[in-house]
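Structure file structure-v8.pdb (PDB, C-alpha atoms and all ligand atoms) follows.
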ATOM      1  CA  MET Q   1       0.000   0.000   0.000  1.00  0.00           C
ATOM      2  CA  LEU Q   2       1.327   3.401  -0.999  1.00  0.00           C
ATOM      3  CA  VAL Q   3       0.637   6.281   1.361  1.00  0.00           C
ATOM      4  CA  ALA Q   4       1.363   9.503  -0.493  1.00  0.00           C
ATOM      5  CA  VAL Q   5       1.900  12.688   1.460  1.00  0.00           C
ATOM      6  CA  LEU Q   6      -0.031  15.623  -0.011  1.00  0.00           C
ATOM      7  CA  LYS Q   7       0.575  17.728  -1.953  1.00  0.00           C
ATOM      8  CA  GLY Q   8       4.171  17.623  -3.167  1.00  0.00           C
ATOM      9  CA  SER Q   9       4.354  13.902  -3.921  1.00  0.00           C
ATOM     10  CA  ILE Q  10       1.549  13.916  -6.526  1.00  0.00           C
ATOM     11  CA  PRO Q  11       3.548  14.094  -9.811  1.00  0.00           C
ATOM     12  CA  PHE Q  12       6.117  11.613  -8.456  1.00  0.00           C
ATOM     13  CA  LEU Q  13       3.361   9.240  -7.309  1.00  0.00           C
ATOM     14  CA  ALA Q  14       1.573   9.496 -10.663  1.00  0.00           C
ATOM     15  CA  ASP Q  15       4.720   8.670 -12.628  1.00  0.00           C
ATOM     16  CA  MET Q  16       5.673   5.870 -10.231  1.00  0.00           C
ATOM     17  CA  LEU Q  17       2.201   4.296 -10.395  1.00  0.00           C
ATOM     18  CA  ARG Q  18       2.369   4.139 -14.173  1.00  0.00           C
ATOM     19  CA  GLU Q  19       5.644   2.205 -13.949  1.00  0.00           C
ATOM     20  CA  MET Q  20       4.389  -0.339 -11.411  1.00  0.00           C
ATOM     21  CA  THR Q  21       3.577  -3.853 -12.574  1.00  0.00           C
ATOM     22  CA  ILE Q  22       1.842  -4.819  -9.325  1.00  0.00           C
ATOM     23  CA  VAL Q  23      -1.431  -3.324  -8.135  1.00  0.00           C
ATOM     24  CA  PRO Q  24      -0.822  -1.341  -4.959  1.00  0.00           C
ATOM     25  CA  LEU Q  25      -3.513   0.200  -2.821  1.00  0.00           C
ATOM     26  CA  VAL Q  26      -3.082   3.986  -2.861  1.00  0.00           C
ATOM     27  CA  ASP Q  27      -4.151   6.439  -0.227  1.00  0.00           C
ATOM     28  CA  PHE Q  28      -3.287   9.974   0.857  1.00  0.00           C
ATOM     29  CA  MET Q  29      -2.420  11.810   4.024  1.00  0.00           C
ATOM     30  CA  SER Q  30      -2.012  15.496   4.560  1.00  0.00           C
ATOM     31  CA  ILE Q  31      -0.310  16.969   7.564  1.00  0.00           C
ATOM     32  CA  SER Q  32       0.317  20.516   8.669  1.00  0.00           C
ATOM     33  CA  SER Q  33       3.815  21.683   7.866  1.00  0.00           C
ATOM     34  CA  TYR Q  34       6.187  21.615  10.762  1.00  0.00           C
ATOM     35  CA  ALA Q  35       7.137  24.968  12.215  1.00  0.00           C
ATOM     36  CA  PRO Q  36       9.692  25.003  15.027  1.00  0.00           C
ATOM     37  CA  ASP Q  37       7.445  27.104  17.262  1.00  0.00           C
ATOM     38  CA  SER Q  38       4.256  25.145  16.579  1.00  0.00           C
ATOM     39  CA  GLY Q  39       5.191  22.170  18.727  1.00  0.00           C
ATOM     40  CA  ARG Q  40       4.445  19.388  16.284  1.00  0.00           C
ATOM     41  CA  VAL Q  41       2.718  18.511  13.062  1.00  0.00           C
ATOM     42  CA  ARG Q  42      -0.867  17.277  12.972  1.00  0.00           C
ATOM     43  CA  ILE Q  43      -2.979  15.273  10.545  1.00  0.00           C
ATOM     44  CA  ILE Q  44      -5.234  17.386   8.318  1.00  0.00           C
ATOM     45  CA  LYS Q  45      -6.425  14.543   6.055  1.00  0.00           C
ATOM     46  CA  ASP Q  46      -6.227  10.976   7.287  1.00  0.00           C
ATOM     47  CA  LEU Q  47      -6.240   7.684   5.357  1.00  0.00           C
ATOM     48  CA  ASP Q  48      -9.458   6.112   4.128  1.00  0.00           C
ATOM     49  CA  ILE Q  49      -7.924   2.609   4.067  1.00  0.00           C
ATOM     50  CA  ASP Q  50      -6.911   0.652   7.191  1.00  0.00           C
ATOM     51  CA  VAL Q  51      -3.170  -0.094   7.141  1.00  0.00           C
ATOM     52  CA  SER Q  52      -3.261  -2.953   9.664  1.00  0.00           C
ATOM     53  CA  GLY Q  53      -1.518  -6.065   8.367  1.00  0.00           C
ATOM     54  CA  ARG Q  54      -0.366  -4.321   5.186  1.00  0.00           C
ATOM     55  CA  ASP Q  55       3.093  -3.557   3.803  1.00  0.00           C
ATOM     56  CA  VAL Q  56       3.089   0.220   3.677  1.00  0.00           C
ATOM     57  CA  VAL Q  57       5.412   2.519   1.727  1.00  0.00           C
ATOM     58  CA  VAL Q  58       5.175   6.218   2.500  1.00  0.00           C
ATOM     59  CA  VAL Q  59       5.750   8.346  -0.612  1.00  0.00           C
ATOM     60  CA  GLU Q  60       7.316  11.760  -0.015  1.00  0.00           C
ATOM     61  CA  ASP Q  61       8.516  14.487  -2.359  1.00  0.00           C
ATOM     62  CA  ILE Q  62      11.547  15.450  -0.279  1.00  0.00           C
ATOM     63  CA  VAL Q  63      12.881  14.510   3.135  1.00  0.00           C
ATOM     64  CA  ASP Q  64      14.582  17.503   4.685  1.00  0.00           C
ATOM     65  CA  THR Q  65      14.750  17.689   8.491  1.00  0.00           C
ATOM     66  CA  GLY Q  66      12.958  14.330   8.661  1.00  0.00           C
ATOM     67  CA  LEU Q  67      10.423  15.675  11.160  1.00  0.00           C
ATOM     68  CA  THR Q  68       7.458  15.125   8.859  1.00  0.00           C
ATOM     69  CA  LEU Q  69       8.458  11.600   7.914  1.00  0.00           C
ATOM     70  CA  ALA Q  70       9.360  10.605  11.480  1.00  0.00           C
ATOM     71  CA  TYR Q  71       5.947  11.754  12.667  1.00  0.00           C
ATOM     72  CA  LEU Q  72       4.151   9.892   9.881  1.00  0.00           C
ATOM     73  CA  LEU Q  73       6.098   6.672  10.363  1.00  0.00           C
ATOM     74  CA  GLY Q  74       5.384   6.756  14.099  1.00  0.00           C
ATOM     75  CA  GLU Q  75       1.706   7.363  13.493  1.00  0.00           C
ATOM     76  CA  LEU Q  76       1.430   4.565  10.916  1.00  0.00           C
ATOM     77  CA  ARG Q  77       3.358   2.049  13.032  1.00  0.00           C
ATOM     78  CA  ARG Q  78       0.861   2.526  15.862  1.00  0.00           C
ATOM     79  CA  ARG Q  79      -1.859   1.271  13.518  1.00  0.00           C
ATOM     80  CA  GLY Q  80      -0.396  -2.234  13.201  1.00  0.00           C
ATOM     81  CA  PRO Q  81       0.876  -2.548   9.610  1.00  0.00           C
ATOM     82  CA  ARG Q  82       2.959  -5.599   8.688  1.00  0.00           C
ATOM     83  CA  SER Q  83       5.808  -3.307   7.608  1.00  0.00           C
ATOM     84  CA  VAL Q  84       6.462   0.368   6.980  1.00  0.00           C
ATOM     85  CA  ALA Q  85       9.088   1.835   4.670  1.00  0.00           C
ATOM     86  CA  ALA Q  86       9.720   5.250   3.171  1.00  0.00           C
ATOM     87  CA  CYS Q  87      10.287   6.369  -0.394  1.00  0.00           C
ATOM     88  CA  ALA Q  88      11.316   9.896  -1.381  1.00  0.00           C
ATOM     89  CA  LEU Q  89      12.065  11.495  -4.719  1.00  0.00           C
ATOM     90  CA  LEU Q  90      14.678  13.715  -3.065  1.00  0.00           C
ATOM     91  CA  ASP Q  91      16.741  13.339   0.086  1.00  0.00           C
ATOM     92  CA  ARG Q  92      18.495  16.362   1.560  1.00  0.00           C
ATOM     93  CA  ALA Q  93      20.327  14.403   4.240  1.00  0.00           C
ATOM     94  CA  ALA Q  94      22.591  17.316   5.227  1.00  0.00           C
ATOM     95  CA  ARG Q  95      19.680  19.045   6.966  1.00  0.00           C
ATOM     96  CA  ARG Q  96      18.375  16.026   8.842  1.00  0.00           C
ATOM     97  CA  ILE Q  97      17.349  16.672  12.456  1.00  0.00           C
ATOM     98  CA  VAL Q  98      15.624  13.349  13.116  1.00  0.00           C
ATOM     99  CA  PRO Q  99      17.682  10.420  11.795  1.00  0.00           C
ATOM    100  CA  THR Q 100      14.967   8.702   9.774  1.00  0.00           C
ATOM    101  CA  PRO Q 101      15.905   5.913   7.357  1.00  0.00           C
ATOM    102  CA  VAL Q 102      14.560   6.358   3.829  1.00  0.00           C
ATOM    103  CA  GLU Q 103      14.630   2.950   2.157  1.00  0.00           C
ATOM    104  CA  PHE Q 104      14.015   4.162  -1.395  1.00  0.00           C
ATOM    105  CA  VAL Q 105      15.619   7.430  -2.558  1.00  0.00           C
ATOM    106  CA  GLY Q 106      15.467   8.924  -6.037  1.00  0.00           C
ATOM    107  CA  PHE Q 107      18.200  11.537  -5.716  1.00  0.00           C
ATOM    108  CA  GLU Q 108      20.288  12.917  -2.886  1.00  0.00           C
ATOM    109  CA  ILE Q 109      20.560  16.697  -3.139  1.00  0.00           C
ATOM    110  CA  GLU Q 110      22.675  19.407  -1.596  1.00  0.00           C
ATOM    111  CA  ASP Q 111      21.361  22.082   0.713  1.00  0.00           C
ATOM    112  CA  LEU Q 112      19.411  23.952  -1.998  1.00  0.00           C
ATOM    113  CA  TYR Q 113      15.774  25.005  -2.090  1.00  0.00           C
ATOM    114  CA  VAL Q 114      14.039  23.184  -4.924  1.00  0.00           C
ATOM    115  CA  LEU Q 115      10.853  23.817  -6.903  1.00  0.00           C
ATOM    116  CA  GLY Q 116       8.763  22.000  -9.466  1.00  0.00           C
ATOM    117  CA  TYR Q 117       7.480  18.450 -10.107  1.00  0.00           C
ATOM    118  CA  GLY Q 118       5.210  18.825  -7.068  1.00  0.00           C
ATOM    119  CA  LEU Q 119       7.523  20.961  -4.955  1.00  0.00           C
ATOM    120  CA  ASP Q 120       6.252  24.445  -4.229  1.00  0.00           C
ATOM    121  CA  TYR Q 121       7.096  27.833  -2.900  1.00  0.00           C
ATOM    122  CA  ALA Q 122       3.956  29.400  -1.401  1.00  0.00           C
ATOM    123  CA  GLU Q 123       1.869  26.921  -3.435  1.00  0.00           C
ATOM    124  CA  ARG Q 124       3.443  28.011  -6.742  1.00  0.00           C
ATOM    125  CA  TYR Q 125       5.476  25.956  -9.241  1.00  0.00           C
ATOM    126  CA  ARG Q 126       4.080  22.509  -8.410  1.00  0.00           C
ATOM    127  CA  ASN Q 127       3.143  21.984 -12.067  1.00  0.00           C
ATOM    128  CA  LEU Q 128       6.624  22.568 -13.452  1.00  0.00           C
ATOM    129  CA  ASP Q 129       7.681  19.422 -15.328  1.00  0.00           C
ATOM    130  CA  ARG Q 130      11.159  19.391 -13.761  1.00  0.00           C
ATOM    131  CA  VAL Q 131      12.916  20.152 -10.477  1.00  0.00           C
ATOM    132  CA  ILE Q 132      14.856  23.415 -10.379  1.00  0.00           C
ATOM    133  CA  GLU Q 133      16.791  25.310  -7.752  1.00  0.00           C
ATOM    134  CA  GLY Q 134      15.002  28.324  -6.275  1.00  0.00           C
ATOM    135  CA  ASP Q 135      16.642  31.355  -4.688  1.00  0.00           C
ATOM    136  CA  LEU Q 136      14.851  31.810  -1.384  1.00  0.00           C
ATOM    137  CA  GLU Q 137      15.767  35.482  -1.113  1.00  0.00           C
ATOM    138  CA  VAL Q 138      14.230  36.174  -4.512  1.00  0.00           C
ATOM    139  CA  LEU Q 139      11.123  34.112  -3.709  1.00  0.00           C
ATOM    140  CA  GLN Q 140      10.656  35.770  -0.331  1.00  0.00           C
ATOM    141  CA  GLY Q 141      10.697  39.133  -2.118  1.00  0.00           C
ATOM    142  CA  ASP Q 142       8.224  37.940  -4.756  1.00  0.00           C
ATOM    143  CA  PRO Q 143       6.723  34.418  -4.687  1.00  0.00           C
ATOM    144  CA  ASP Q 144       5.835  34.798  -8.383  1.00  0.00           C
ATOM    145  CA  ALA Q 145       9.363  35.849  -9.363  1.00  0.00           C
ATOM    146  CA  TYR Q 146       9.944  32.847 -11.639  1.00  0.00           C
ATOM    147  CA  VAL Q 147       6.476  32.545 -13.135  1.00  0.00           C
ATOM    148  CA  ASP Q 148       7.068  34.383 -16.417  1.00  0.00           C
ATOM    149  CA  GLY Q 149      10.509  32.968 -17.135  1.00  0.00           C
ATOM    150  CA  LEU Q 150       9.667  29.365 -16.344  1.00  0.00           C
ATOM    151  CA  TYR Q 151       6.386  29.028 -18.128  1.00  0.00           C
ATOM    152  CA  ALA Q 152       7.021  31.258 -21.145  1.00  0.00           C
ATOM    153  CA  GLY Q 153       7.171  29.242 -24.372  1.00  0.00           C
TER     154      GLY Q 153
HETATM  155  P1  LIG H 201      10.848  17.918   6.677  1.00  0.00           P
HETATM  156  O1  LIG H 201       9.782  17.645   7.693  1.00  0.00           O
HETATM  157  O2  LIG H 201      11.762  19.040   7.115  1.00  0.00           O
HETATM  158  O3  LIG H 201      11.618  16.704   6.254  1.00  0.00           O
HETATM  159  O4  LIG H 201      10.135  18.557   5.448  1.00  0.00           O
HETATM  160  C1  LIG H 201       9.492  17.828   4.491  1.00  0.00           C
HETATM  161  C2  LIG H 201       8.527  18.694   3.710  1.00  0.00           C
HETATM  162  O5  LIG H 201       8.933  20.080   3.589  1.00  0.00           O
HETATM  163  C3  LIG H 201       8.472  18.173   2.303  1.00  0.00           C
HETATM  164  O6  LIG H 201       7.512  17.147   2.187  1.00  0.00           O
HETATM  165  C4  LIG H 201       8.154  19.410   1.487  1.00  0.00           C
HETATM  166  O7  LIG H 201       6.747  19.570   1.412  1.00  0.00           O
HETATM  167  C5  LIG H 201       8.758  20.556   2.275  1.00  0.00           C
HETATM  168  N1  LIG H 201      10.066  20.953   1.720  1.00  0.00           N
HETATM  169  C6  LIG H 201      11.273  20.720   2.256  1.00  0.00           C
HETATM  170  N2  LIG H 201      12.254  21.192   1.480  1.00  0.00           N
HETATM  171  C7  LIG H 201      11.651  21.742   0.397  1.00  0.00           C
HETATM  172  C8  LIG H 201      12.165  22.401  -0.810  1.00  0.00           C
HETATM  173  O8  LIG H 201      13.373  22.560  -1.052  1.00  0.00           O
HETATM  174  N3  LIG H 201      11.213  22.827  -1.688  1.00  0.00           N
HETATM  175  C9  LIG H 201       9.885  22.664  -1.481  1.00  0.00           C
HETATM  176  N4  LIG H 201       9.376  22.051  -0.392  1.00  0.00           N
HETATM  177  C10 LIG H 201      10.253  21.591   0.540  1.00  0.00           C
END
Would you mind giving the structure from this file in structure tokens?
Ligand code: IMP
Amino acid sequence: MLVAVLKGSIPFLADMLREMTIVPLVDFMSISSYAPDSGRVRIIKDLDIDVSGRDVVVVEDIVDTGLTLAYLLGELRRRGPRSVAACALLDRAARRIVPTPVEFVGFEIEDLYVLGYGLDYAERYRNLDRVIEGDLEVLQGDPDAYVDGLYAG
């Protein structure tokens, strides 16, 4: 069973599903983004399917501090699955705070902010067909800074 974490994992999940030759169950979870002063993350949208007794793979866009994934894995394990593993398109291990194993990694990346292929800045750029580096200073000044250049022609 694939448990995709909304919203950034959607393009990755869609492409991965089309490559799969088995028939996985697919479900979605959404959790509030972790902010250091907010205490902890919480579930905004929970699973529809019961994970107990199932082999579960969590599908993430990027694992950064690991706080989100660690929370999700802990939550899922409490529900009695047969196994739980994690899969991420991108792994930015240099920024890890919680040492969380990611069994399946697409690409390890340096400490850069990335956009596109599901990854956003202020909900923009998720529909870009590739992953690009974003300059956080530029984006903080104007979240739409890259819109014209990236989508023109
Ligand atoms: P973590 O809890 O710090 O591991 O953060 C994981 C979540 O933060 C990811 O699922 C993304 O939604 C978001 N995130 C972390 N780094 C980036 C980035 O470079 N670009 C866009 N979103 C990011």
Size and centre in Å, one decimal, axis-aligned box, all listed region 144-150 of chain Q atoms plus 5 Å per side, as lines of an AutoDock Vina configuration file:
center_x = 8.2
center_y = 32.6
center_z = -12.8
size_x = 14.7
size_y = 16.5
size_z = 18.8
Within 7 Å of ligand LIG 201 (chain H), which residues show up when you count all atoms listed in the file? List them as an mmCIF file with C-alpha atoms, keeping the file's coordinate frame, please.
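So the final result, stored in pocket_10.cif, reads:
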data_model
loop_
_atom_site.group_PDB
_atom_site.id
_atom_site.type_symbol
_atom_site.label_atom_id
_atom_site.label_comp_id
_atom_site.auth_asym_id
_atom_site.auth_seq_id
_atom_site.Cartn_x
_atom_site.Cartn_y
_atom_site.Cartn_z
ATOM 1 C CA GLY Q 8 4.171 17.623 -3.167
ATOM 2 C CA SER Q 33 3.815 21.683 7.866
ATOM 3 C CA TYR Q 34 6.187 21.615 10.762
ATOM 4 C CA GLU Q 60 7.316 11.760 -0.015
ATOM 5 C CA ASP Q 61 8.516 14.487 -2.359
ATOM 6 C CA ILE Q 62 11.547 15.450 -0.279
ATOM 7 C CA VAL Q 63 12.881 14.510 3.135
ATOM 8 C CA ASP Q 64 14.582 17.503 4.685
ATOM 9 C CA THR Q 65 14.750 17.689 8.491
ATOM 10 C CA GLY Q 66 12.958 14.330 8.661
ATOM 11 C CA LEU Q 67 10.423 15.675 11.160
ATOM 12 C CA THR Q 68 7.458 15.125 8.859
ATOM 13 C CA LEU Q 69 8.458 11.600 7.914
ATOM 14 C CA LEU Q 112 19.411 23.952 -1.998
ATOM 15 C CA TYR Q 113 15.774 25.005 -2.090
ATOM 16 C CA VAL Q 114 14.039 23.184 -4.924
ATOM 17 C CA LEU Q 115 10.853 23.817 -6.903
ATOM 18 C CA LEU Q 119 7.523 20.961 -4.955
ATOM 19 C CA ASP Q 120 6.252 24.445 -4.229
ATOM 20 C CA TYR Q 121 7.096 27.833 -2.900
#
Name the residues that the PyMOL selection byres (((chain Q and resi 14) around 12) and not hetatm) picks from the file above, as a PyMOL selection string, using the file's chain letters and numbers. chain Q and resi 2+4+8-13+15-20+26+59+61+117-118
Write the residues of the selection above to a file with C-alpha atoms, as a PDB file, keeping the file's coordinate frame.
ATOM      1  CA  LEU Q   2       1.327   3.401  -0.999  1.00  0.00           C
ATOM      2  CA  ALA Q   4       1.363   9.503  -0.493  1.00  0.00           C
ATOM      3  CA  GLY Q   8       4.171  17.623  -3.167  1.00  0.00           C
ATOM      4  CA  SER Q   9       4.354  13.902  -3.921  1.00  0.00           C
ATOM      5  CA  ILE Q  10       1.549  13.916  -6.526  1.00  0.00           C
ATOM      6  CA  PRO Q  11       3.548  14.094  -9.811  1.00  0.00           C
ATOM      7  CA  PHE Q  12       6.117  11.613  -8.456  1.00  0.00           C
ATOM      8  CA  LEU Q  13       3.361   9.240  -7.309  1.00  0.00           C
ATOM      9  CA  ASP Q  15       4.720   8.670 -12.628  1.00  0.00           C
ATOM     10  CA  MET Q  16       5.673   5.870 -10.231  1.00  0.00           C
ATOM     11  CA  LEU Q  17       2.201   4.296 -10.395  1.00  0.00           C
ATOM     12  CA  ARG Q  18       2.369   4.139 -14.173  1.00  0.00           C
ATOM     13  CA  GLU Q  19       5.644   2.205 -13.949  1.00  0.00           C
ATOM     14  CA  MET Q  20       4.389  -0.339 -11.411  1.00  0.00           C
ATOM     15  CA  VAL Q  26      -3.082   3.986  -2.861  1.00  0.00           C
ATOM     16  CA  VAL Q  59       5.750   8.346  -0.612  1.00  0.00           C
ATOM     17  CA  ASP Q  61       8.516  14.487  -2.359  1.00  0.00           C
ATOM     18  CA  TYR Q 117       7.480  18.450 -10.107  1.00  0.00           C
ATOM     19  CA  GLY Q 118       5.210  18.825  -7.068  1.00  0.00           C
TER      20      GLY Q 118
END
Between CA of Asp48 (chain Q) and CA of Ile31 (chain Q), what distance in Å does the model show, to one decimal?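 Between CA of Asp48 (chain Q) and CA of Ile31 (chain Q) the gap works out to 14.6 Å.
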The PyMOL selection byres (((chain Q and resi 79) around 9) and not hetatm) resolved against shown file, as a list in words: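 Written out, the selection comes to Asp50, Val51, Ser52, Gly53, Glu75, Leu76, Arg77, Arg78, Gly80 and Pro81 of chain Q.
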Quick one: apply the PyMOL selection byres (((chain Q and resi 100) around 8) and not hetatm) to the file and drop the selected residues here as a list in words.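 Output from the PyMOL selection byres (((chain Q and resi 100) around 8) and not hetatm), applied to this file: Gly66, Leu69, Ala70, Val98, Pro99, Pro101 and Val102 of chain Q.
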Generate the coordinates of N, CA and C atoms for region 73-101 of chain Q; report them as a JSON list (two decimals), in the coordinates of the input.
[["chain", "number", "residue", "atom", "x", "y", "z"],
["Q", 73, "LEU", "N", 5.73, 8.07, 10.14],
["Q", 73, "LEU", "CA", 6.10, 6.67, 10.36],
["Q", 73, "LEU", "C", 5.64, 6.22, 11.74],
["Q", 74, "GLY", "N", 5.82, 7.08, 12.74],
["Q", 74, "GLY", "CA", 5.38, 6.76, 14.10],
["Q", 74, "GLY", "C", 3.88, 6.55, 14.15],
["Q", 75, "GLU", "N", 3.17, 7.43, 13.51],
["Q", 75, "GLU", "CA", 1.71, 7.36, 13.49],
["Q", 75, "GLU", "C", 1.24, 6.07, 12.80],
["Q", 76, "LEU", "N", 1.85, 5.76, 11.66],
["Q", 76, "LEU", "CA", 1.43, 4.57, 10.92],
["Q", 76, "LEU", "C", 1.77, 3.28, 11.68],
["Q", 77, "ARG", "N", 2.95, 3.27, 12.30],
["Q", 77, "ARG", "CA", 3.36, 2.05, 13.03],
["Q", 77, "ARG", "C", 2.38, 1.72, 14.15],
["Q", 78, "ARG", "N", 1.83, 2.75, 14.77],
["Q", 78, "ARG", "CA", 0.86, 2.53, 15.86],
["Q", 78, "ARG", "C", -0.40, 1.82, 15.37],
["Q", 79, "ARG", "N", -0.62, 1.84, 14.06],
["Q", 79, "ARG", "CA", -1.86, 1.27, 13.52],
["Q", 79, "ARG", "C", -1.71, -0.19, 13.10],
["Q", 80, "GLY", "N", -0.57, -0.79, 13.41],
["Q", 80, "GLY", "CA", -0.40, -2.23, 13.20],
["Q", 80, "GLY", "C", -0.20, -2.71, 11.78],
["Q", 81, "PRO", "N", 0.58, -2.02, 10.94],
["Q", 81, "PRO", "CA", 0.88, -2.55, 9.61],
["Q", 81, "PRO", "C", 1.85, -3.72, 9.73],
["Q", 82, "ARG", "N", 1.96, -4.52, 8.65],
["Q", 82, "ARG", "CA", 2.96, -5.60, 8.69],
["Q", 82, "ARG", "C", 4.35, -5.00, 8.58],
["Q", 83, "SER", "N", 4.52, -4.00, 7.73],
["Q", 83, "SER", "CA", 5.81, -3.31, 7.61],
["Q", 83, "SER", "C", 5.56, -1.88, 7.15],
["Q", 84, "VAL", "N", 6.54, -1.03, 7.44],
["Q", 84, "VAL", "CA", 6.46, 0.37, 6.98],
["Q", 84, "VAL", "C", 7.83, 0.76, 6.44],
["Q", 85, "ALA", "N", 7.85, 1.33, 5.25],
["Q", 85, "ALA", "CA", 9.09, 1.84, 4.67],
["Q", 85, "ALA", "C", 8.81, 3.21, 4.09],
["Q", 86, "ALA", "N", 9.88, 3.91, 3.72],
["Q", 86, "ALA", "CA", 9.72, 5.25, 3.17],
["Q", 86, "ALA", "C", 10.40, 5.35, 1.82],
["Q", 87, "CYS", "N", 9.78, 6.13, 0.95],
["Q", 87, "CYS", "CA", 10.29, 6.37, -0.39],
["Q", 87, "CYS", "C", 10.23, 7.88, -0.64],
["Q", 88, "ALA", "N", 11.32, 8.45, -1.12],
["Q", 88, "ALA", "CA", 11.32, 9.90, -1.38],
["Q", 88, "ALA", "C", 11.99, 10.17, -2.71],
["Q", 89, "LEU", "N", 11.41, 11.09, -3.47],
["Q", 89, "LEU", "CA", 12.06, 11.50, -4.72],
["Q", 89, "LEU", "C", 13.42, 12.11, -4.40],
["Q", 90, "LEU", "N", 13.44, 13.00, -3.41],
["Q", 90, "LEU", "CA", 14.68, 13.72, -3.06],
["Q", 90, "LEU", "C", 15.00, 13.55, -1.58],
["Q", 91, "ASP", "N", 16.28, 13.48, -1.30],
["Q", 91, "ASP", "CA", 16.74, 13.34, 0.09],
["Q", 91, "ASP", "C", 17.82, 14.40, 0.32],
["Q", 92, "ARG", "N", 17.51, 15.34, 1.23],
["Q", 92, "ARG", "CA", 18.50, 16.36, 1.56],
["Q", 92, "ARG", "C", 19.05, 16.03, 2.95],
["Q", 93, "ALA", "N", 19.88, 15.00, 2.98],
["Q", 93, "ALA", "CA", 20.33, 14.40, 4.24],
["Q", 93, "ALA", "C", 21.12, 15.38, 5.11],
["Q", 94, "ALA", "N", 21.75, 16.37, 4.47],
["Q", 94, "ALA", "CA", 22.59, 17.32, 5.23],
["Q", 94, "ALA", "C", 21.79, 18.11, 6.25],
["Q", 95, "ARG", "N", 20.49, 18.24, 6.05],
["Q", 95, "ARG", "CA", 19.68, 19.05, 6.97],
["Q", 95, "ARG", "C", 18.87, 18.19, 7.95],
["Q", 96, "ARG", "N", 19.18, 16.92, 8.00],
["Q", 96, "ARG", "CA", 18.38, 16.03, 8.84],
["Q", 96, "ARG", "C", 18.49, 16.38, 10.32],
["Q", 97, "ILE", "N", 17.37, 16.47, 11.00],
["Q", 97, "ILE", "CA", 17.35, 16.67, 12.46],
["Q", 97, "ILE", "C", 17.00, 15.35, 13.14],
["Q", 98, "VAL", "N", 15.99, 14.66, 12.59],
["Q", 98, "VAL", "CA", 15.62, 13.35, 13.12],
["Q", 98, "VAL", "C", 16.21, 12.29, 12.18],
["Q", 99, "PRO", "N", 17.10, 11.44, 12.67],
["Q", 99, "PRO", "CA", 17.68, 10.42, 11.80],
["Q", 99, "PRO", "C", 16.64, 9.37, 11.41],
["Q", 100, "THR", "N", 16.05, 9.57, 10.24],
["Q", 100, "THR", "CA", 14.97, 8.70, 9.77],
["Q", 100, "THR", "C", 15.44, 7.95, 8.53],
["Q", 101, "PRO", "N", 15.47, 6.64, 8.56],
["Q", 101, "PRO", "CA", 15.90, 5.91, 7.36],
["Q", 101, "PRO", "C", 14.90, 6.07, 6.22]]
